[in-house]
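Structure data follow from start39.cif (mmCIF, C-alpha atoms):
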```cif
data_coords
loop_
_atom_site.group_PDB
_atom_site.id
_atom_site.type_symbol
_atom_site.label_atom_id
_atom_site.label_comp_id
_atom_site.auth_asym_id
_atom_site.auth_seq_id
_atom_site.Cartn_x
_atom_site.Cartn_y
_atom_site.Cartn_z
ATOM 1 C CA MET B 13 0.000 0.000 0.000
ATOM 2 C CA GLY B 14 2.991 2.368 0.290
ATOM 3 C CA ASN B 15 1.854 5.976 0.522
ATOM 4 C CA SER B 16 -1.369 7.016 2.139
ATOM 5 C CA ILE B 17 -3.441 10.045 1.284
ATOM 6 C CA LYS B 18 -3.383 12.921 3.756
ATOM 7 C CA LEU B 19 -6.045 15.598 3.742
ATOM 8 C CA ALA B 20 -5.518 19.159 4.910
ATOM 9 C CA TYR B 21 -8.044 21.888 5.631
ATOM 10 C CA SER B 22 -7.637 25.661 5.440
ATOM 11 C CA THR B 23 -8.966 27.995 8.110
ATOM 12 C CA TYR B 24 -9.913 30.456 5.351
ATOM 13 C CA ALA B 25 -13.636 29.776 5.856
ATOM 14 C CA LEU B 26 -13.307 29.803 9.648
ATOM 15 C CA GLN B 27 -12.509 33.488 10.007
ATOM 16 C CA GLY B 28 -15.112 34.071 12.740
ATOM 17 C CA ILE B 29 -14.094 31.108 14.892
ATOM 18 C CA ASP B 30 -11.420 31.162 17.570
ATOM 19 C CA PRO B 31 -8.319 29.695 15.890
ATOM 20 C CA LEU B 32 -7.645 27.161 18.644
ATOM 21 C CA GLU B 33 -11.242 25.948 18.494
ATOM 22 C CA ALA B 34 -11.077 25.809 14.694
ATOM 23 C CA LEU B 35 -7.957 23.623 14.840
ATOM 24 C CA GLN B 36 -9.633 21.274 17.300
ATOM 25 C CA ARG B 37 -12.689 20.971 15.039
ATOM 26 C CA ILE B 38 -10.499 20.305 12.001
ATOM 27 C CA ARG B 39 -8.701 17.526 13.852
ATOM 28 C CA THR B 40 -11.933 16.037 15.218
ATOM 29 C CA ILE B 41 -13.339 15.809 11.697
ATOM 30 C CA GLY B 42 -10.279 13.780 10.748
ATOM 31 C CA TYR B 43 -8.045 16.056 8.712
ATOM 32 C CA ASN B 44 -4.307 15.313 8.841
ATOM 33 C CA ALA B 45 -2.878 18.788 8.253
ATOM 34 C CA VAL B 46 -3.882 22.423 8.310
ATOM 35 C CA GLU B 47 -3.323 25.648 6.394
ATOM 36 C CA ILE B 48 -3.838 28.712 8.584
ATOM 37 C CA ALA B 49 -5.220 31.828 6.888
ATOM 38 C CA VAL B 50 -3.239 34.858 8.050
ATOM 39 C CA GLY B 51 -4.760 37.735 6.087
ATOM 40 C CA ASP B 52 -5.382 41.016 7.887
ATOM 41 C CA ASP B 53 -9.052 40.162 8.505
ATOM 42 C CA TRP B 54 -8.314 36.848 10.269
ATOM 43 C CA PRO B 55 -7.592 36.522 13.982
ATOM 44 C CA THR B 56 -4.311 34.848 12.991
ATOM 45 C CA ALA B 57 -2.957 37.882 11.123
ATOM 46 C CA PRO B 58 0.686 38.419 12.120
ATOM 47 C CA ARG B 59 -0.043 41.875 13.541
ATOM 48 C CA LYS B 60 -2.679 40.345 15.863
ATOM 49 C CA LEU B 61 -0.462 37.614 17.303
ATOM 50 C CA GLY B 62 2.137 38.489 19.909
ATOM 51 C CA ALA B 63 4.834 36.066 21.029
ATOM 52 C CA ALA B 64 2.626 34.308 23.599
ATOM 53 C CA ALA B 65 -0.262 33.850 21.149
ATOM 54 C CA ARG B 66 2.122 32.506 18.495
ATOM 55 C CA GLN B 67 3.524 29.992 20.955
ATOM 56 C CA GLU B 68 0.013 28.946 22.020
ATOM 57 C CA LEU B 69 -1.015 28.444 18.386
ATOM 58 C CA ARG B 70 2.145 26.485 17.608
ATOM 59 C CA THR B 71 1.675 24.283 20.682
ATOM 60 C CA CYS B 72 -1.954 23.633 19.754
ATOM 61 C CA VAL B 73 -1.025 22.562 16.228
ATOM 62 C CA GLU B 74 1.686 20.270 17.523
ATOM 63 C CA ASP B 75 -0.418 18.828 20.388
ATOM 64 C CA LEU B 76 -3.187 17.958 17.921
ATOM 65 C CA GLY B 77 -0.694 15.889 15.956
ATOM 66 C CA PHE B 78 -0.649 18.083 12.878
ATOM 67 C CA PRO B 79 2.599 18.696 11.017
ATOM 68 C CA PRO B 80 3.808 22.320 10.990
ATOM 69 C CA PRO B 81 1.072 24.376 9.336
ATOM 70 C CA ALA B 82 1.180 25.977 5.931
ATOM 71 C CA LEU B 83 0.092 29.619 6.021
ATOM 72 C CA PHE B 84 -2.224 31.263 3.518
ATOM 73 C CA GLY B 85 -1.134 34.869 3.220
ATOM 74 C CA PRO B 86 -3.374 36.576 0.699
ATOM 75 C CA VAL B 87 -1.110 39.450 -0.285
ATOM 76 C CA PRO B 88 -1.421 41.586 -3.413
ATOM 77 C CA THR B 89 1.660 40.046 -5.008
ATOM 78 C CA CYS B 90 1.620 42.326 -8.040
ATOM 79 C CA ALA B 91 1.083 45.605 -6.172
ATOM 80 C CA GLU B 92 2.975 48.552 -7.636
ATOM 81 C CA GLY B 93 4.432 51.797 -6.349
ATOM 82 C CA PRO B 94 3.895 52.710 -2.688
ATOM 83 C CA ALA B 95 1.417 49.835 -2.298
ATOM 84 C CA ARG B 96 4.217 47.393 -3.103
ATOM 85 C CA ALA B 97 6.309 48.540 -0.147
ATOM 86 C CA GLY B 98 3.337 47.954 2.173
ATOM 87 C CA MET B 99 2.687 44.549 0.654
ATOM 88 C CA LEU B 100 6.333 43.546 1.107
ATOM 89 C CA GLU B 101 6.223 44.603 4.790
ATOM 90 C CA GLN B 102 3.085 42.512 5.291
ATOM 91 C CA TYR B 103 4.651 39.576 3.461
ATOM 92 C CA VAL B 104 7.793 39.672 5.631
ATOM 93 C CA ARG B 105 5.564 39.610 8.746
ATOM 94 C CA ILE B 106 3.870 36.497 7.318
ATOM 95 C CA LEU B 107 7.262 34.885 6.692
ATOM 96 C CA ASP B 108 8.243 35.620 10.305
ATOM 97 C CA LEU B 109 4.993 34.062 11.538
ATOM 98 C CA ALA B 110 5.624 30.986 9.374
ATOM 99 C CA ASP B 111 9.011 30.598 11.044
ATOM 100 C CA ASP B 112 7.501 31.075 14.519
ATOM 101 C CA LEU B 113 4.886 28.361 13.887
ATOM 102 C CA ASN B 114 7.299 25.894 12.285
ATOM 103 C CA PHE B 115 8.367 23.205 14.736
ATOM 104 C CA GLY B 116 9.647 20.834 12.063
ATOM 105 C CA SER B 117 12.973 20.380 10.349
ATOM 106 C CA GLU B 118 11.643 21.215 6.868
ATOM 107 C CA SER B 119 11.043 24.722 5.542
ATOM 108 C CA ALA B 120 7.722 26.345 6.365
ATOM 109 C CA VAL B 121 5.258 26.898 3.510
ATOM 110 C CA VAL B 122 3.380 30.113 2.709
ATOM 111 C CA THR B 123 0.741 30.084 -0.007
ATOM 112 C CA THR B 124 -0.791 33.056 -1.766
ATOM 113 C CA THR B 125 -2.518 33.978 -4.990
ATOM 114 C CA VAL B 126 -1.435 36.284 -7.796
ATOM 115 C CA GLY B 127 -3.179 39.583 -7.382
ATOM 116 C CA GLY B 128 -3.035 43.244 -6.525
ATOM 117 C CA ARG B 129 -4.043 44.906 -9.768
ATOM 118 C CA GLN B 130 -5.889 44.073 -12.944
ATOM 119 C CA LEU B 131 -3.693 41.646 -14.810
ATOM 120 C CA ASP B 132 -3.691 40.609 -18.431
ATOM 121 C CA TRP B 133 -1.753 37.367 -18.755
ATOM 122 C CA GLU B 134 -0.584 37.988 -22.315
ATOM 123 C CA ASN B 135 0.756 41.447 -21.569
ATOM 124 C CA ASP B 136 1.733 41.105 -17.902
ATOM 125 C CA ARG B 137 3.123 37.601 -17.484
ATOM 126 C CA MET B 138 6.775 38.685 -17.323
ATOM 127 C CA ARG B 139 5.901 41.326 -14.706
ATOM 128 C CA ILE B 140 3.929 38.690 -12.736
ATOM 129 C CA ALA B 141 6.914 36.334 -12.909
ATOM 130 C CA ASP B 142 9.308 39.066 -11.747
ATOM 131 C CA ASP B 143 7.015 39.970 -8.840
ATOM 132 C CA LEU B 144 6.761 36.334 -7.768
ATOM 133 C CA VAL B 145 10.520 35.800 -8.055
ATOM 134 C CA GLU B 146 11.045 38.725 -5.682
ATOM 135 C CA LEU B 147 8.682 37.116 -3.162
ATOM 136 C CA ALA B 148 10.267 33.686 -3.627
ATOM 137 C CA GLU B 149 13.718 35.141 -2.956
ATOM 138 C CA LEU B 150 12.487 36.776 0.269
ATOM 139 C CA ALA B 151 10.925 33.463 1.262
ATOM 140 C CA ALA B 152 14.150 31.566 0.555
ATOM 141 C CA GLU B 153 16.101 34.016 2.744
ATOM 142 C CA ALA B 154 13.618 33.256 5.547
ATOM 143 C CA ARG B 155 13.840 29.467 4.952
ATOM 144 C CA VAL B 156 10.237 29.444 3.733
ATOM 145 C CA ILE B 157 8.774 27.972 0.551
ATOM 146 C CA LEU B 158 6.395 30.213 -1.413
ATOM 147 C CA ALA B 159 3.564 28.258 -3.013
#
```

Can you present the structure in this file as C-alpha cells?
Amino acid sequence: MGNSIKLAYSTYALQGIDPLEALQRIRTIGYNAVEIAVGDDWPTAPRKLGAAARQELRTCVEDLGFPPPALFGPVPTCAEGPARAGMLEQYVRILDLADDLNFGSESAVVTTTVGGRQLDWENDRMRIADDLVELAELAAEARVILA
C-alpha cells in the first residue's frame, strides 16, 4: 500500500471562529494537516499575534498531531508603487509568523494567490513572474517555501 493520502483543511472559511477551536474541530473531523489563513481580517494575522499567542497556536497545532502548518497569506503580489512597499512589509511579517509556527525540520510553507491589480496574462506575465521571483527570494532568505 505504500503511501497514504493525507487531507488538509484551510482555516480560510473559519474566520469568525477562535483559531484554537477551529484547529480542534479540524482535527476532530479527521483532517491530517492544516493551512492557517493569516490575512489582515483573520484573527491569525501576524499583527494580531504576539509572542505568547504565536507559541500557544504552535503548541496547539503540535499537540493535535498536525505537522507544521502551511500559512495562507493573501497578499497583493503584483502591487505597484507605494502599495508594493506595504505589501512587502506585510509579506515579511507572514514569513516571520511561518518561522515562529514551524516546529519541524523542513522549511515552512506560505501560499498566496497572484493579485493586486488588474492583470492581463498575455501582456503582464513577465511582470507577474518578476514579482513572484522577488517574493520567492524573500521566502528563501527566511527558509520558507512560497507556493

### Message
Just want the 9 Å neighbourhood of B:Ile48, counted on only C-alpha atoms, with same-chain residues fewer than 4 positions away dropped. Output as a VMD selection string.
### Response
chain B and resid 21 to 24 31 56 81 to 85

Selection in question (the file shown): the PyMOL selection byres ((chain B and resi 109) around 9). Which residues does it include, as a compact mmCIF listing (two decimals) with C-alpha atoms, in the coordinates of the input?
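This went into out_34.txt:
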```
# COMPACT_ATOMS: atom_id res chain seq x y z
CA VAL B 50 -3.24 34.86 8.05
CA ALA B 57 -2.96 37.88 11.12
CA PRO B 58 0.69 38.42 12.12
CA LEU B 61 -0.46 37.61 17.30
CA ARG B 66 2.12 32.51 18.50
CA LEU B 83 0.09 29.62 6.02
CA VAL B 104 7.79 39.67 5.63
CA ARG B 105 5.56 39.61 8.75
CA ILE B 106 3.87 36.50 7.32
CA LEU B 107 7.26 34.88 6.69
CA ASP B 108 8.24 35.62 10.30
CA ALA B 110 5.62 30.99 9.37
CA ASP B 111 9.01 30.60 11.04
CA ASP B 112 7.50 31.08 14.52
CA LEU B 113 4.89 28.36 13.89
CA ASN B 114 7.30 25.89 12.28
```

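When all atoms listed in the file are used to compute distances to B:Ser117, the closest of the residues B:Pro86, B:Glu92, B:Pro79, B:Leu100 turns out to be B:Pro79.
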
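Counting all atoms listed in the file and comparing B:Val46, B:Leu158, B:Leu144, B:Met99, the residue that lies closest to B:Pro80 is B:Val46.
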
### Task
Name the closest residue to B:Thr125 among the candidates B:Pro94, B:Glu74, B:Ala154, B:Gly51; distances are taken between atoms, counting all atoms listed in the file.
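The answer is B:Gly51, which sits nearest to B:Thr125.
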
### Task
In the coordinate frame of the file, compute which residues have an atom within 12 Å of (-4.3, 46.0, 0.7) when using all atoms listed in the file, and state them as a VMD selection string.
chain B and resid 51 to 53 85 to 92 94 to 103 127 to 129

### Message
Please expand the PyMOL selection byres ((chain B and resi 119) around 7) into the concrete residues it hits in this file, giving the result as a PyMOL selection string.
### Response
chain B and resi 117-118+120-121+155-157

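Closest approach to B:Ala159 from the set B:Gly77, B:Thr124, B:Gly42, B:Ile140 is made by B:Thr124, with distances taken over all atoms listed in the file.
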
With stretch 33-36 of chain B as the partner and 9 Å as the cut-off, tabulate the residues of stretch 72-108 of chain B that qualify, each row holding the nearest pair of atoms and their distance in Å to one decimal, using only C-alpha atoms, sorted by chain and rising number, as JSON lines.
```
{"residue": "B:Cys72", "atom": "CA", "partner": "B:Leu35", "partner_atom": "CA", "distance": 7.8}
{"residue": "B:Val73", "atom": "CA", "partner": "B:Leu35", "partner_atom": "CA", "distance": 7.1}
{"residue": "B:Leu76", "atom": "CA", "partner": "B:Gln36", "partner_atom": "CA", "distance": 7.3}
```

Restricted to C-alpha atoms, what would the selected residues look like written as a PDB file, in the coordinates of the input?
```
ATOM      1  CA  CYS B  72      -1.954  23.633  19.754  1.00  0.00           C
ATOM      2  CA  VAL B  73      -1.025  22.562  16.228  1.00  0.00           C
ATOM      3  CA  LEU B  76      -3.187  17.958  17.921  1.00  0.00           C
TER       4      LEU B  76
END
```

### Query
Can you list, as a list in words, the residues that the PyMOL selection byres ((chain B and resi 45) around 6) selects here?
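When the PyMOL selection byres ((chain B and resi 45) around 6) is applied to the shown file, the picked residues are Ala20, Tyr43, Asn44, Val46 and Phe78 of chain B.
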
As JSON, please report the centre and edge lengths, rounded to one decimal in Å, of the axis-aligned box that holds all listed atoms of stretch 125-141 of chain B with 4 Å of padding on each of the six sides.
```
{"center_x": 0.5, "center_y": 39.4, "center_z": -13.7, "size_x": 20.8, "size_y": 18.9, "size_z": 25.3}
```

### Task
May I ask for the distance between atom CA of B:Arg70 and atom CA of B:Leu147, given in Å to one decimal place?
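Atom CA of B:Arg70 sits 24.2 Å away from atom CA of B:Leu147.
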
### Query
So how many Å separate atom CA of B:Asp142 and atom CA of B:Val126, to one decimal?
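Atom-to-atom, atom CA of B:Asp142 to atom CA of B:Val126, that is 11.8 Å.
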
### Task
Return the single residue from B:Ala49, B:Ala63, B:Leu69, B:Ala148 that is closest to B:Leu32, with distances computed using all atoms listed in the file.
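Distance minimum relative to B:Leu32 lands on B:Leu69.
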
#### Entry: Minimum-distance residue to B:Ile29, chosen among B:Trp54, B:Glu134, B:Glu68, B:Ser16 (using all atoms listed in the file)
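So, comparing all the options, the nearest one is B:Trp54.
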
### Message
Between atom CA of B:Pro55 and atom CA of B:Gly28, what distance in Å does the model show, to one decimal?
### Response
8.0 Å

Mind rebuilding stretch 28-39 of chain B with all heavy atoms and writing that out as a CSV table (one decimal), in the coordinates of the input?
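Saved the output as result.csv:
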```csv
chain,number,residue,atom,x,y,z
B,28,GLY,N,-14.4,33.6,11.5
B,28,GLY,CA,-15.1,34.1,12.7
B,28,GLY,C,-15.0,33.1,13.9
B,28,GLY,O,-15.7,33.4,14.9
B,29,ILE,N,-14.2,32.1,13.8
B,29,ILE,CA,-14.1,31.1,14.9
B,29,ILE,C,-12.7,31.2,15.5
B,29,ILE,O,-11.7,31.5,14.9
B,29,ILE,CB,-14.3,29.7,14.3
B,29,ILE,CG1,-15.7,29.5,13.7
B,29,ILE,CG2,-14.1,28.6,15.4
B,29,ILE,CD1,-15.9,28.2,13.1
B,30,ASP,N,-12.7,31.1,16.9
B,30,ASP,CA,-11.4,31.2,17.6
B,30,ASP,C,-10.5,30.2,16.9
B,30,ASP,O,-10.8,29.0,16.7
B,30,ASP,CB,-11.6,30.8,19.0
B,30,ASP,CG,-10.3,30.7,19.8
B,30,ASP,OD1,-9.9,31.7,20.3
B,30,ASP,OD2,-9.8,29.6,19.9
B,31,PRO,N,-9.2,30.6,16.6
B,31,PRO,CA,-8.3,29.7,15.9
B,31,PRO,C,-8.0,28.4,16.6
B,31,PRO,O,-8.0,27.3,16.0
B,31,PRO,CB,-7.0,30.5,15.8
B,31,PRO,CG,-7.5,31.9,16.0
B,31,PRO,CD,-8.7,31.9,16.8
B,32,LEU,N,-7.9,28.4,17.9
B,32,LEU,CA,-7.6,27.2,18.6
B,32,LEU,C,-8.8,26.2,18.6
B,32,LEU,O,-8.7,25.0,18.4
B,32,LEU,CB,-7.3,27.5,20.1
B,32,LEU,CG,-6.1,28.4,20.3
B,32,LEU,CD1,-5.8,28.7,21.7
B,32,LEU,CD2,-4.8,27.9,19.6
B,33,GLU,N,-10.0,26.8,18.6
B,33,GLU,CA,-11.2,25.9,18.5
B,33,GLU,C,-11.3,25.4,17.1
B,33,GLU,O,-11.7,24.2,16.9
B,33,GLU,CB,-12.5,26.8,18.8
B,33,GLU,CG,-13.8,26.0,18.7
B,33,GLU,CD,-15.0,26.8,19.0
B,33,GLU,OE1,-14.9,27.9,19.7
B,33,GLU,OE2,-16.1,26.4,18.5
B,34,ALA,N,-11.0,26.2,16.1
B,34,ALA,CA,-11.1,25.8,14.7
B,34,ALA,C,-10.1,24.6,14.5
B,34,ALA,O,-10.5,23.6,13.8
B,34,ALA,CB,-10.7,27.0,13.8
B,35,LEU,N,-8.9,24.7,15.0
B,35,LEU,CA,-8.0,23.6,14.8
B,35,LEU,C,-8.5,22.3,15.5
B,35,LEU,O,-8.4,21.3,14.9
B,35,LEU,CB,-6.6,24.0,15.4
B,35,LEU,CG,-5.9,25.1,14.7
B,35,LEU,CD1,-4.6,25.5,15.5
B,35,LEU,CD2,-5.5,24.7,13.3
B,36,GLN,N,-9.1,22.5,16.6
B,36,GLN,CA,-9.6,21.3,17.3
B,36,GLN,C,-10.7,20.7,16.4
B,36,GLN,O,-10.8,19.4,16.3
B,36,GLN,CB,-10.2,21.6,18.7
B,36,GLN,CG,-10.8,20.5,19.4
B,36,GLN,CD,-9.7,19.4,19.8
B,36,GLN,OE1,-8.7,19.7,20.3
B,36,GLN,NE2,-10.1,18.2,19.4
B,37,ARG,N,-11.6,21.5,15.9
B,37,ARG,CA,-12.7,21.0,15.0
B,37,ARG,C,-12.1,20.3,13.8
B,37,ARG,O,-12.6,19.2,13.4
B,37,ARG,CB,-13.6,22.1,14.6
B,37,ARG,CG,-14.5,22.7,15.7
B,37,ARG,CD,-15.4,23.7,15.1
B,37,ARG,NE,-16.2,24.4,16.1
B,37,ARG,CZ,-17.1,25.3,15.8
B,37,ARG,NH1,-17.4,25.6,14.6
B,37,ARG,NH2,-17.7,25.9,16.8
B,38,ILE,N,-11.1,20.9,13.2
B,38,ILE,CA,-10.5,20.3,12.0
B,38,ILE,C,-9.9,18.9,12.3
B,38,ILE,O,-10.1,18.0,11.6
B,38,ILE,CB,-9.4,21.3,11.4
B,38,ILE,CG1,-10.1,22.5,10.9
B,38,ILE,CG2,-8.6,20.6,10.4
B,38,ILE,CD1,-9.1,23.7,10.6
B,39,ARG,N,-9.3,18.8,13.5
B,39,ARG,CA,-8.7,17.5,13.9
B,39,ARG,C,-9.8,16.5,14.2
B,39,ARG,O,-9.7,15.4,13.8
B,39,ARG,CB,-7.8,17.7,15.1
B,39,ARG,CG,-7.0,16.5,15.5
B,39,ARG,CD,-6.5,15.9,14.2
B,39,ARG,NE,-5.2,15.3,14.4
B,39,ARG,CZ,-4.6,14.6,13.5
B,39,ARG,NH1,-5.2,14.3,12.4
B,39,ARG,NH2,-3.4,14.1,13.7
```
